[in-house]
file data07.cif (mmCIF, C-alpha atoms and all ligand atoms)
data_protein
loop_
_atom_site.label_atom_id
_atom_site.label_comp_id
_atom_site.auth_asym_id
_atom_site.auth_seq_id
_atom_site.Cartn_x
_atom_site.Cartn_y
_atom_site.Cartn_z
CA MET A 1 30.43 5.60 -16.61
CA SER A 2 27.12 7.35 -16.03
CA TYR A 3 25.03 6.48 -12.98
CA HIS A 4 22.44 5.08 -15.40
CA HIS A 5 24.80 2.26 -16.37
CA ALA A 6 26.26 1.66 -12.93
CA PRO A 7 25.77 -1.80 -11.44
CA PRO A 8 23.12 -2.15 -8.72
CA LEU A 9 24.31 -0.80 -5.38
CA PHE A 10 23.03 -3.81 -3.47
CA SER A 11 23.15 -6.89 -5.65
CA ALA A 12 21.58 -9.77 -3.76
CA PRO A 13 20.37 -12.24 -6.39
CA ASN A 14 18.61 -14.57 -3.96
CA GLN A 15 17.07 -12.15 -1.50
CA PRO A 16 13.41 -11.48 -2.26
CA THR A 17 12.81 -7.78 -2.76
CA VAL A 18 9.59 -5.87 -2.23
CA LEU A 19 8.60 -2.32 -3.10
CA VAL A 20 6.31 -0.84 -0.43
CA THR A 21 4.67 2.46 -1.41
CA GLY A 22 4.02 5.08 1.26
CA ALA A 23 6.47 3.28 3.54
CA ALA A 24 8.01 6.26 5.33
CA LYS A 25 5.54 6.21 8.21
CA ARG A 26 2.33 4.81 9.67
CA LEU A 27 0.99 1.54 8.18
CA GLY A 28 3.43 1.49 5.27
CA ARG A 29 6.38 1.67 7.70
CA GLU A 30 4.93 -1.14 9.83
CA ILE A 31 4.49 -3.27 6.69
CA ALA A 32 8.07 -2.49 5.58
CA LEU A 33 9.53 -3.48 8.98
CA THR A 34 7.45 -6.65 9.21
CA LEU A 35 8.58 -7.73 5.74
CA ALA A 36 12.22 -6.88 6.53
CA ARG A 37 11.92 -9.02 9.69
CA ALA A 38 10.68 -11.86 7.44
CA GLY A 39 13.81 -11.54 5.28
CA TRP A 40 12.54 -9.25 2.51
CA ARG A 41 14.79 -6.52 1.19
CA VAL A 42 12.53 -3.47 1.16
CA ALA A 43 12.44 -0.61 -1.35
CA VAL A 44 10.88 2.23 0.64
CA HIS A 45 8.75 4.54 -1.48
CA TYR A 46 7.79 7.99 -0.18
CA ARG A 47 6.61 11.36 -1.51
CA ASP A 48 7.20 14.16 1.04
CA SER A 49 8.36 12.35 4.20
CA VAL A 50 12.10 12.38 3.47
CA GLU A 51 13.31 12.08 7.07
CA ASP A 52 10.81 9.35 7.97
CA ALA A 53 11.79 7.42 4.83
CA ARG A 54 15.46 7.65 5.83
CA LYS A 55 14.61 6.17 9.24
CA THR A 56 12.53 3.35 7.71
CA VAL A 57 15.40 2.52 5.34
CA ALA A 58 17.91 2.43 8.22
CA ASP A 59 15.61 0.19 10.30
CA CYS A 60 14.87 -2.16 7.37
CA ALA A 61 18.56 -2.36 6.48
CA GLU A 62 19.38 -3.37 10.05
CA LEU A 63 16.80 -6.18 9.85
CA ALA A 64 17.38 -7.42 6.29
CA GLY A 65 20.87 -6.30 5.27
CA ALA A 66 19.96 -3.60 2.76
CA SER A 67 17.23 -1.15 1.84
CA ALA A 68 16.88 2.08 -0.13
CA SER A 69 14.34 4.85 -0.54
CA PHE A 70 12.67 6.12 -3.71
CA ARG A 71 10.74 9.35 -4.08
CA ALA A 72 7.74 9.61 -6.41
CA ASN A 73 4.46 11.49 -6.59
CA LEU A 74 2.08 8.70 -7.51
CA GLY A 75 -0.32 11.21 -9.03
CA ASN A 76 2.22 11.80 -11.80
CA GLU A 77 2.17 9.08 -14.47
CA THR A 78 5.78 9.64 -15.55
CA ALA A 79 6.96 9.39 -11.95
CA VAL A 80 4.96 6.17 -11.50
CA ARG A 81 6.37 4.69 -14.71
CA ASN A 82 9.91 5.55 -13.56
CA LEU A 83 9.54 4.12 -10.06
CA LEU A 84 10.05 0.39 -10.64
CA PRO A 85 12.94 0.92 -13.12
CA ASN A 86 14.60 3.14 -10.49
CA VAL A 87 14.24 0.41 -7.86
CA ILE A 88 15.58 -2.23 -10.25
CA GLU A 89 18.53 -0.01 -11.16
CA LYS A 90 19.48 0.40 -7.51
CA LEU A 91 18.54 -2.97 -6.00
CA GLY A 92 18.91 -5.28 -9.00
CA HIS A 93 15.48 -6.92 -8.98
CA VAL A 94 11.99 -6.75 -7.47
CA ASP A 95 9.70 -9.70 -6.66
CA ALA A 96 6.69 -8.11 -5.00
CA LEU A 97 4.80 -4.88 -4.58
CA VAL A 98 2.68 -3.51 -1.73
CA ASN A 99 0.46 -0.59 -2.75
CA SER A 100 -0.04 1.12 0.61
CA ALA A 101 0.39 4.83 -0.25
CA SER A 102 -2.93 6.58 -0.40
CA THR A 103 -4.34 10.04 -0.86
CA PHE A 104 -7.11 10.56 1.69
CA GLU A 105 -8.87 13.91 1.44
CA HIS A 106 -12.35 14.61 2.64
CA ASP A 107 -15.24 15.24 0.26
CA THR A 108 -18.91 14.28 0.07
CA PRO A 109 -21.32 13.92 -2.87
CA GLN A 110 -22.20 17.61 -2.21
CA THR A 111 -18.60 18.87 -2.47
CA PHE A 112 -17.41 16.34 -5.07
CA THR A 113 -15.35 17.67 -8.01
CA PHE A 114 -13.72 16.01 -11.00
CA ALA A 115 -10.41 17.37 -9.67
CA ALA A 116 -10.81 15.54 -6.34
CA MET A 117 -11.88 12.37 -8.11
CA GLU A 118 -8.89 12.53 -10.44
CA THR A 119 -6.40 13.19 -7.62
CA HIS A 120 -7.58 10.10 -5.73
CA LEU A 121 -7.95 7.84 -8.77
CA ARG A 122 -4.48 8.69 -10.05
CA ALA A 123 -2.60 8.05 -6.80
CA ASN A 124 -4.74 5.29 -5.29
CA THR A 125 -5.86 3.31 -8.35
CA GLY A 126 -3.90 4.21 -11.48
CA ALA A 127 -0.49 4.02 -9.79
CA ALA A 128 -1.27 0.58 -8.32
CA ILE A 129 -2.28 -0.74 -11.76
CA LEU A 130 0.78 0.69 -13.56
CA LEU A 131 3.15 -0.62 -10.88
CA SER A 132 1.54 -4.09 -11.04
CA GLN A 133 1.94 -4.10 -14.80
CA ALA A 134 5.58 -3.02 -14.48
CA LEU A 135 6.25 -5.76 -11.93
CA TYR A 136 4.74 -8.34 -14.28
CA ASP A 137 6.91 -7.16 -17.21
CA HIS A 138 10.04 -7.18 -15.02
CA LEU A 139 9.36 -10.73 -13.76
CA ALA A 140 8.60 -11.92 -17.30
CA ALA A 141 11.86 -10.40 -18.58
CA ARG A 142 13.75 -12.25 -15.81
CA GLY A 143 11.92 -15.51 -16.58
CA GLU A 144 10.68 -15.46 -12.97
CA ALA A 145 7.52 -17.48 -12.47
CA ARG A 146 6.30 -16.07 -9.16
CA GLY A 147 5.56 -12.60 -7.92
CA ALA A 148 2.85 -10.93 -5.88
CA VAL A 149 1.03 -7.64 -5.40
CA VAL A 150 -0.86 -6.58 -2.27
CA ASN A 151 -3.33 -3.71 -2.56
CA LEU A 152 -4.35 -1.92 0.64
CA LEU A 153 -8.12 -1.44 0.56
CA ASP A 154 -10.54 -0.40 3.32
CA GLN A 155 -13.38 -2.09 5.25
CA LYS A 156 -15.46 0.95 4.32
CA LEU A 157 -16.05 -0.60 0.85
CA TRP A 158 -18.26 -3.22 2.53
CA ASN A 159 -19.88 -0.63 4.80
CA PRO A 160 -20.16 2.58 2.77
CA ASN A 161 -21.12 6.05 3.96
CA PRO A 162 -21.09 9.35 2.04
CA ASP A 163 -17.85 10.70 3.57
CA PHE A 164 -14.56 10.64 1.64
CA VAL A 165 -16.46 9.90 -1.56
CA SER A 166 -13.48 10.33 -3.95
CA TYR A 167 -11.21 8.24 -1.71
CA THR A 168 -13.88 5.53 -1.44
CA LEU A 169 -14.45 5.50 -5.21
CA SER A 170 -10.72 5.14 -5.80
CA LYS A 171 -10.54 2.19 -3.39
CA ALA A 172 -13.68 0.60 -4.91
CA ALA A 173 -12.00 0.88 -8.31
CA LEU A 174 -8.84 -0.64 -6.83
CA GLU A 175 -10.87 -3.54 -5.45
CA SER A 176 -12.23 -4.20 -8.96
CA ALA A 177 -8.73 -3.80 -10.40
CA ASN A 178 -7.56 -6.35 -7.81
CA THR A 179 -9.84 -8.96 -9.46
CA MET A 180 -9.00 -7.94 -13.03
CA LEU A 181 -5.27 -7.88 -12.37
CA ALA A 182 -5.40 -11.28 -10.64
CA LEU A 183 -6.90 -12.72 -13.83
CA ALA A 184 -4.69 -10.79 -16.24
CA LEU A 185 -1.37 -11.40 -14.46
CA ALA A 186 -1.87 -15.09 -13.52
CA PRO A 187 -0.08 -17.40 -13.24
CA ARG A 188 3.03 -15.22 -12.87
CA VAL A 189 1.73 -12.64 -10.40
CA ARG A 190 -0.80 -13.10 -7.58
CA VAL A 191 -2.86 -10.07 -6.60
CA VAL A 192 -4.37 -9.84 -3.11
CA GLY A 193 -6.33 -7.13 -1.33
CA VAL A 194 -5.88 -6.39 2.39
CA ALA A 195 -8.65 -4.24 3.88
CA PRO A 196 -7.97 -2.74 7.32
CA GLY A 197 -10.56 -1.33 9.66
CA LEU A 198 -9.87 1.78 11.72
CA THR A 199 -6.21 1.14 12.56
CA LEU A 200 -4.39 4.43 13.11
CA THR A 201 -5.77 7.75 14.21
CA SER A 202 -5.80 10.90 12.10
CA HIS A 203 -5.56 14.64 12.77
CA MET A 204 -9.37 14.63 12.78
CA LEU A 205 -9.64 12.40 15.89
CA SER A 206 -8.60 12.96 19.51
CA PRO A 207 -6.77 10.00 21.15
CA GLU A 208 -9.82 9.38 23.41
CA LYS A 209 -12.24 9.33 20.49
CA PHE A 210 -9.92 7.05 18.51
CA GLU A 211 -9.78 4.60 21.45
CA ALA A 212 -13.58 4.53 21.68
CA LEU A 213 -14.09 4.07 17.92
CA HIS A 214 -11.41 1.37 17.75
CA LYS A 215 -13.50 -0.70 20.17
CA LEU A 216 -16.60 -0.29 17.99
CA SER A 217 -16.60 -3.67 16.24
CA PRO A 218 -18.06 -7.16 16.76
CA LEU A 219 -14.71 -8.30 18.21
CA GLY A 220 -14.44 -5.26 20.49
CA ARG A 221 -11.24 -4.15 18.76
CA SER A 222 -10.49 -3.10 15.22
CA SER A 223 -7.17 -3.86 13.53
CA THR A 224 -3.73 -2.94 14.83
CA ALA A 225 -0.90 -1.96 12.49
CA ALA A 226 0.80 -5.26 13.42
CA ASP A 227 -2.35 -7.22 12.41
CA VAL A 228 -2.43 -5.52 9.01
CA ALA A 229 1.30 -5.93 8.38
CA ALA A 230 1.18 -9.63 9.36
CA THR A 231 -1.66 -10.14 6.87
CA VAL A 232 0.36 -8.47 4.10
CA ALA A 233 3.29 -10.79 4.92
CA PHE A 234 0.91 -13.78 4.85
CA ALA A 235 -0.56 -12.70 1.49
CA LEU A 236 2.94 -12.43 0.01
CA ALA A 237 3.98 -15.84 1.36
CA ASN A 238 0.88 -17.94 0.63
CA GLN A 239 1.14 -19.25 -2.92
CA SER A 240 -2.57 -20.13 -3.32
CA ILE A 241 -4.27 -16.80 -2.73
CA THR A 242 -5.16 -14.46 -5.57
CA GLY A 243 -8.06 -12.26 -6.68
CA THR A 244 -9.54 -11.89 -3.22
CA THR A 245 -9.42 -9.54 -0.25
CA LEU A 246 -8.60 -10.31 3.36
CA LEU A 247 -10.59 -8.06 5.70
CA VAL A 248 -8.58 -7.30 8.85
CA ASP A 249 -10.94 -5.12 10.84
CA GLY A 250 -12.36 -6.88 13.90
CA GLY A 251 -15.54 -7.31 11.83
CA GLN A 252 -16.23 -3.57 11.36
CA HIS A 253 -17.38 -4.26 7.79
CA LEU A 254 -20.33 -6.19 9.29
CA MET A 255 -21.58 -3.04 11.02
CA LYS A 256 -23.27 0.07 9.67
CA PHE A 257 -21.67 3.48 10.28
CA GLU A 258 -23.62 6.54 9.06
CA ARG A 259 -20.47 8.67 8.77
CA ASP A 260 -16.73 8.09 8.45
CA PHE A 261 -15.05 7.35 11.81
CA SER A 262 -13.34 10.73 11.76
CA LEU A 263 -16.74 12.46 11.62
CA LEU A 264 -18.79 10.27 13.96
N1 LIG A 301 -4.81 4.01 8.79
C1 LIG A 301 -5.98 3.35 8.82
O1 LIG A 301 -6.63 3.26 9.88
C2 LIG A 301 -6.50 2.72 7.57
C3 LIG A 301 -7.81 2.20 7.55
C4 LIG A 301 -8.28 1.60 6.40
C5 LIG A 301 -7.47 1.52 5.27
N2 LIG A 301 -6.20 2.01 5.31
C6 LIG A 301 -5.38 1.94 4.09
O2 LIG A 301 -4.07 1.47 4.45
C7 LIG A 301 -3.07 2.16 3.70
C8 LIG A 301 -2.07 2.84 4.65
O3 LIG A 301 -2.78 3.68 5.55
P1 LIG A 301 -2.06 4.92 6.27
O4 LIG A 301 -3.00 5.46 7.24
O5 LIG A 301 -0.68 4.52 6.68
O6 LIG A 301 -1.96 5.92 5.02
P2 LIG A 301 -1.65 7.49 5.06
O7 LIG A 301 -0.86 7.83 6.28
O8 LIG A 301 -2.92 8.25 4.84
O9 LIG A 301 -0.77 7.67 3.74
C9 LIG A 301 0.40 6.89 3.56
C10 LIG A 301 1.37 7.62 2.68
O10 LIG A 301 0.82 7.77 1.37
C11 LIG A 301 1.68 8.68 0.72
N3 LIG A 301 0.97 9.37 -0.36
C12 LIG A 301 -0.22 10.00 -0.32
N4 LIG A 301 -0.50 10.54 -1.54
C13 LIG A 301 0.57 10.24 -2.34
C14 LIG A 301 0.91 10.54 -3.68
N5 LIG A 301 0.12 11.27 -4.47
N6 LIG A 301 2.09 10.06 -4.16
C15 LIG A 301 2.90 9.35 -3.37
N7 LIG A 301 2.64 9.04 -2.09
C16 LIG A 301 1.49 9.50 -1.59
C17 LIG A 301 2.19 9.67 1.78
O11 LIG A 301 3.61 9.67 1.68
P3 LIG A 301 4.51 10.93 2.18
O12 LIG A 301 4.20 11.12 3.62
O13 LIG A 301 5.90 10.51 1.93
O14 LIG A 301 4.09 12.11 1.34
C18 LIG A 301 1.70 9.03 3.08
O15 LIG A 301 2.65 9.05 4.11
C19 LIG A 301 -3.81 3.14 2.80
O16 LIG A 301 -3.94 2.59 1.52
C20 LIG A 301 -5.17 3.30 3.47
O17 LIG A 301 -6.19 3.61 2.54
C21 LIG A 301 -5.70 2.63 6.43
#
call {"tool": "encode", "arguments": {"input": "data07.cif", "output": "structure tokens", "more": "lines below"}}
Ligand SMILES: NC(=O)c1ccc[n+]([C@@H]2O[C@H](COP(=O)([O-])OP(=O)(O)OC[C@H]3O[C@@H](n4cnc5c(N)ncnc54)[C@H](OP(=O)(O)O)[C@@H]3O)[C@@H](O)[C@H]2O)c1
result
Amino acid sequence: MSYHHAPPLFSAPNQPTVLVTGAAKRLGREIALTLARAGWRVAVHYRDSVEDARKTVADCAELAGASASFRANLGNETAVRNLLPNVIEKLGHVDALVNSASTFEHDTPQTFTFAAMETHLRANTGAAILLSQALYDHLAARGEARGAVVNLLDQKLWNPNPDFVSYTLSKAALESANTMLALALAPRVRVVGVAPGLTLTSHMLSPEKFEALHKLSPLGRSSTAADVAATVAFALANQSITGTTLLVDGGQHLMKFERDFSLL
């Protein structure tokens, strides 16, 4: 018998299963662990971070009984279209999707290119839409009435500046897609945005600068990874929320920043 026709490795008909993209490390990993703690079986998507993905799978499996990792470049349409079928083949079924993976490369209106725009739109917007559509079709085929998608957005959409223009455009498009998908996929699938503020540092920020910028908000603290992950878990659990975005940012979206945090 070919692998293609093999039965799912972990058949757990009653355990809710979620695919978290970009779950090898950082916020995606925190979301995966939080959902596993809440009883979700987690399909861990990654692109390059093989070792980190292995660790996230082991940690999720310890919390929720089973987990598995799935590699895909979300900029590649064929890879995106194959992702959910691969998860279903291995885990049996999927009930929810968290689109956390994100390409985040710096450009400005002065350095903008179609190539940069396309790279960000493919991975950050197109993949989220195709995966949502695939989840809907899978739930419909199973006769399942309830599923959910969470799209990771960014407080910067409510407080724009000219840095990371292609990334910001891709997230703005995802925020619009969030509304359109919520309408198109109801009542079977809810679609919720979660928009963090400055949560984790990057290679562009020293630890001291990150600490100072994290405090720069009306609440005196931006979001922690645990805050964001708890909000994703809430969005997946609450059966009344769809077509809206929960901003988890200490109120940073109420402020005006002239540049991206990493360039302030
Ligand atoms: N961190 C923050 O402070 C912050 C603030 C606001 C919003 N957010 C949003 O929250 C989400 C998670 O943030 P994060 O900082 O954890 O993200 P991140 O570290 O920048 O990226 C998460 C993962 O995305 C994956 N990825 C990137 N391009 C991909 C592609 N073309 N195909 C497949 N995977 C790809 C990478 O996986 P591999 O490593 O496996 O290649 C990466 O580890 C993102 O959507 C981000 O926009 C984060």
call {"tool": "residues_near_point", "arguments": {"input": "data07.cif", "point": "(1.8, -7.6, -10.9)", "cutoff": "7 Å", "atoms": "all atoms listed in the file", "output": "PyMOL selection string"}}
result
chain A and resi 132-136+147-149+185+189-191
call {"tool": "residues_around", "arguments": {"input": "data07.cif", "residues": "Asp154 in chain A", "least_positions_apart": "5", "cutoff": "8 Å", "atoms": "only C-alpha atoms", "output": "ChimeraX atom specification"}}
result
/A:171,194-197
call {"tool": "closest_residue", "arguments": {"input": "data07.cif", "among": "A:Ala123, A:Ala96, A:Cys60, A:Ala68", "to": "ligand LIG 301 (chain A)", "atoms": "only C-alpha atoms and all ligand atoms"}}
result
A:Ala123
call {"tool": "residues_around", "arguments": {"input": "data07.cif", "residues": "range 21-34 of chain A", "least_positions_apart": "4", "cutoff": "7 Å", "atoms": "only C-alpha atoms", "output": "MDAnalysis selection string"}}
result
chainID A and resid 38 42 44:46 49 52:53 56 60 98:101 225:226 229:230
call {"tool": "closest_residue", "arguments": {"input": "data07.cif", "among": "A:Arg37, A:Trp158, A:Asp249, A:Leu97", "to": "Leu139 in chain A", "atoms": "all atoms listed in the file"}}
result
A:Leu97
call {"tool": "residues_around", "arguments": {"input": "data07.cif", "residues": "Pro16 in chain A", "least_positions_apart": "4", "cutoff": "7 Å", "atoms": "only C-alpha atoms", "output": "JSON, numbers by chain"}}
result
{"A": [40, 41, 95]}
call {"tool": "residues_near_point", "arguments": {"input": "data07.cif", "point": "(-4.8, -9.2, -11.2)", "cutoff": "12 Å", "atoms": "all atoms listed in the file", "output": "PyMOL selection string"}}
result
chain A and resi 128-133+135-136+147-151+174-193+241-245
call {"tool": "atom_distance", "arguments": {"input": "data07.cif", "atom1": "atom N5 of ligand LIG 301 (chain A)", "atom2": "CA of Lys55 in chain A"}}
result
20.6 Å
call {"tool": "atom_distance", "arguments": {"input": "data07.cif", "atom1": "CA of Val232 in chain A", "atom2": "CA of Val165 in chain A"}}
result
25.5 Å
call {"tool": "residues_around", "arguments": {"input": "data07.cif", "residues": "Met204 in chain A", "least_positions_apart": "2", "cutoff": "10 Å", "atoms": "all atoms listed in the file", "output": "PyMOL selection string"}}
result
chain A and resi 201-202+206-207+209-210+261-263
call {"tool": "residues_around", "arguments": {"input": "data07.cif", "residues": "range 74-84 of chain A", "least_positions_apart": "3", "cutoff": "6 Å", "atoms": "only C-alpha atoms", "output": "list in words"}}
result
Val87, Arg122, Ala123 and Ala127 of chain A
call {"tool": "closest_residue", "arguments": {"input": "data07.cif", "among": "A:Met255, A:Ala237, A:Leu264, A:Leu157", "to": "ligand LIG 301 (chain A)", "atoms": "all atoms listed in the file"}}
result
A:Leu157
call {"tool": "atom_distance", "arguments": {"input": "data07.cif", "atom1": "atom N2 of ligand LIG 301 (chain A)", "atom2": "CA of Ser217 in chain A"}}
result
16.1 Å
call {"tool": "closest_residue", "arguments": {"input": "data07.cif", "among": "A:Thr119, A:Ser223, A:Thr113, A:Asn73", "to": "ligand LIG 301 (chain A)", "atoms": "all atoms listed in the file"}}
result
A:Asn73
call {"tool": "closest_residue", "arguments": {"input": "data07.cif", "among": "A:Ala115, A:Leu121, A:Leu19, A:Ala212", "to": "ligand LIG 301 (chain A)", "atoms": "only C-alpha atoms and all ligand atoms"}}
result
A:Leu121
call {"tool": "closest_residue", "arguments": {"input": "data07.cif", "among": "A:Thr168, A:Arg221, A:Gly39, A:Val57", "to": "Leu153 in chain A", "atoms": "all atoms listed in the file"}}
result
A:Thr168
call {"tool": "decode", "arguments": {"input": "data07.cif", "residues": "range 144-239 of chain A", "atoms": "C-alpha atoms", "output": "mmCIF file, in the first residue's frame"}}
result
data_model
loop_
_atom_site.group_PDB
_atom_site.id
_atom_site.type_symbol
_atom_site.label_atom_id
_atom_site.label_comp_id
_atom_site.auth_asym_id
_atom_site.auth_seq_id
_atom_site.Cartn_x
_atom_site.Cartn_y
_atom_site.Cartn_z
ATOM 1 C CA GLU A 144 -18.968 19.646 10.061
ATOM 2 C CA ALA A 145 -20.865 22.804 10.945
ATOM 3 C CA ARG A 146 -18.208 24.697 12.888
ATOM 4 C CA GLY A 147 -14.677 25.747 12.133
ATOM 5 C CA ALA A 148 -12.570 28.852 12.599
ATOM 6 C CA VAL A 149 -9.689 30.800 11.101
ATOM 7 C CA VAL A 150 -7.504 33.311 12.948
ATOM 8 C CA ASN A 151 -5.420 35.721 10.881
ATOM 9 C CA LEU A 152 -2.465 37.417 12.578
ATOM 10 C CA LEU A 153 -2.520 41.095 11.638
ATOM 11 C CA ASP A 154 -0.588 44.053 13.084
ATOM 12 C CA GLN A 155 -1.483 47.193 15.087
ATOM 13 C CA LYS A 156 0.486 49.098 12.452
ATOM 14 C CA LEU A 157 -2.582 48.930 10.138
ATOM 15 C CA TRP A 158 -4.336 51.392 12.486
ATOM 16 C CA ASN A 159 -1.190 53.494 12.893
ATOM 17 C CA PRO A 160 0.623 53.412 9.539
ATOM 18 C CA ASN A 161 4.104 54.668 8.704
ATOM 19 C CA PRO A 162 6.080 54.318 5.459
ATOM 20 C CA ASP A 163 8.358 51.484 6.658
ATOM 21 C CA PHE A 164 7.777 47.868 5.584
ATOM 22 C CA VAL A 165 5.388 49.057 2.885
ATOM 23 C CA SER A 166 4.987 45.665 1.131
ATOM 24 C CA TYR A 167 4.487 43.854 4.449
ATOM 25 C CA THR A 168 1.939 46.465 5.551
ATOM 26 C CA LEU A 169 0.060 46.257 2.244
ATOM 27 C CA SER A 170 -0.095 42.479 2.544
ATOM 28 C CA LYS A 171 -1.509 42.735 6.082
ATOM 29 C CA ALA A 172 -3.982 45.460 5.023
ATOM 30 C CA ALA A 173 -5.158 43.131 2.256
ATOM 31 C CA LEU A 174 -5.409 40.304 4.797
ATOM 32 C CA GLU A 175 -7.524 42.515 7.059
ATOM 33 C CA SER A 176 -9.927 43.120 4.137
ATOM 34 C CA ALA A 177 -9.848 39.411 3.305
ATOM 35 C CA ASN A 178 -10.711 38.741 6.962
ATOM 36 C CA THR A 179 -14.036 40.577 6.435
ATOM 37 C CA MET A 180 -14.744 39.053 3.021
ATOM 38 C CA LEU A 181 -13.942 35.530 4.188
ATOM 39 C CA ALA A 182 -16.098 35.947 7.304
ATOM 40 C CA LEU A 183 -19.047 36.735 5.020
ATOM 41 C CA ALA A 184 -18.239 34.117 2.390
ATOM 42 C CA LEU A 185 -17.540 31.216 4.768
ATOM 43 C CA ALA A 186 -20.369 31.821 7.296
ATOM 44 C CA PRO A 187 -22.054 30.082 8.960
ATOM 45 C CA ARG A 188 -19.611 27.155 8.740
ATOM 46 C CA VAL A 189 -16.337 28.986 9.384
ATOM 47 C CA ARG A 190 -15.700 32.030 11.596
ATOM 48 C CA VAL A 191 -12.825 34.308 10.607
ATOM 49 C CA VAL A 192 -11.151 36.504 13.230
ATOM 50 C CA GLY A 193 -8.171 38.843 13.097
ATOM 51 C CA VAL A 194 -5.715 39.182 16.001
ATOM 52 C CA ALA A 195 -3.450 42.234 15.759
ATOM 53 C CA PRO A 196 -0.435 42.310 18.095
ATOM 54 C CA GLY A 197 1.601 45.345 18.976
ATOM 55 C CA LEU A 198 5.370 45.155 19.334
ATOM 56 C CA THR A 199 5.636 41.731 20.984
ATOM 57 C CA LEU A 200 8.982 40.133 20.152
ATOM 58 C CA THR A 201 12.240 41.776 19.245
ATOM 59 C CA SER A 202 13.994 41.439 15.897
ATOM 60 C CA HIS A 203 17.595 41.418 14.684
ATOM 61 C CA MET A 204 17.148 45.152 14.055
ATOM 62 C CA LEU A 205 16.645 46.004 17.767
ATOM 63 C CA SER A 206 18.971 45.735 20.768
ATOM 64 C CA PRO A 207 17.379 44.221 23.921
ATOM 65 C CA GLU A 208 17.550 47.651 25.650
ATOM 66 C CA LYS A 209 15.839 49.421 22.763
ATOM 67 C CA PHE A 210 13.183 46.706 22.566
ATOM 68 C CA GLU A 211 12.460 47.119 26.308
ATOM 69 C CA ALA A 212 12.053 50.880 25.897
ATOM 70 C CA LEU A 213 9.814 50.596 22.816
ATOM 71 C CA HIS A 214 7.692 47.882 24.435
ATOM 72 C CA LYS A 215 6.788 50.387 27.168
ATOM 73 C CA LEU A 216 5.754 52.981 24.582
ATOM 74 C CA SER A 217 1.970 52.558 24.732
ATOM 75 C CA PRO A 218 -0.999 54.016 26.626
ATOM 76 C CA LEU A 219 -0.913 51.011 28.993
ATOM 77 C CA GLY A 220 2.845 51.274 29.509
ATOM 78 C CA ARG A 221 3.367 47.817 28.023
ATOM 79 C CA SER A 222 2.698 46.380 24.604
ATOM 80 C CA SER A 223 1.622 42.768 24.090
ATOM 81 C CA THR A 224 3.447 39.685 25.334
ATOM 82 C CA ALA A 225 3.519 36.456 23.329
ATOM 83 C CA ALA A 226 1.286 34.920 26.024
ATOM 84 C CA ASP A 227 -1.274 37.754 25.582
ATOM 85 C CA VAL A 228 -1.413 37.177 21.830
ATOM 86 C CA ALA A 229 -1.628 33.388 22.120
ATOM 87 C CA ALA A 230 -4.404 33.629 24.742
ATOM 88 C CA THR A 231 -6.367 35.882 22.381
ATOM 89 C CA VAL A 232 -5.987 33.382 19.536
ATOM 90 C CA ALA A 233 -7.281 30.626 21.858
ATOM 91 C CA PHE A 234 -10.206 32.882 22.856
ATOM 92 C CA ALA A 235 -11.028 33.654 19.204
ATOM 93 C CA LEU A 236 -11.080 29.935 18.392
ATOM 94 C CA ALA A 237 -13.290 29.128 21.388
ATOM 95 C CA ASN A 238 -15.833 31.962 21.267
ATOM 96 C CA GLN A 239 -18.629 30.960 18.909
#
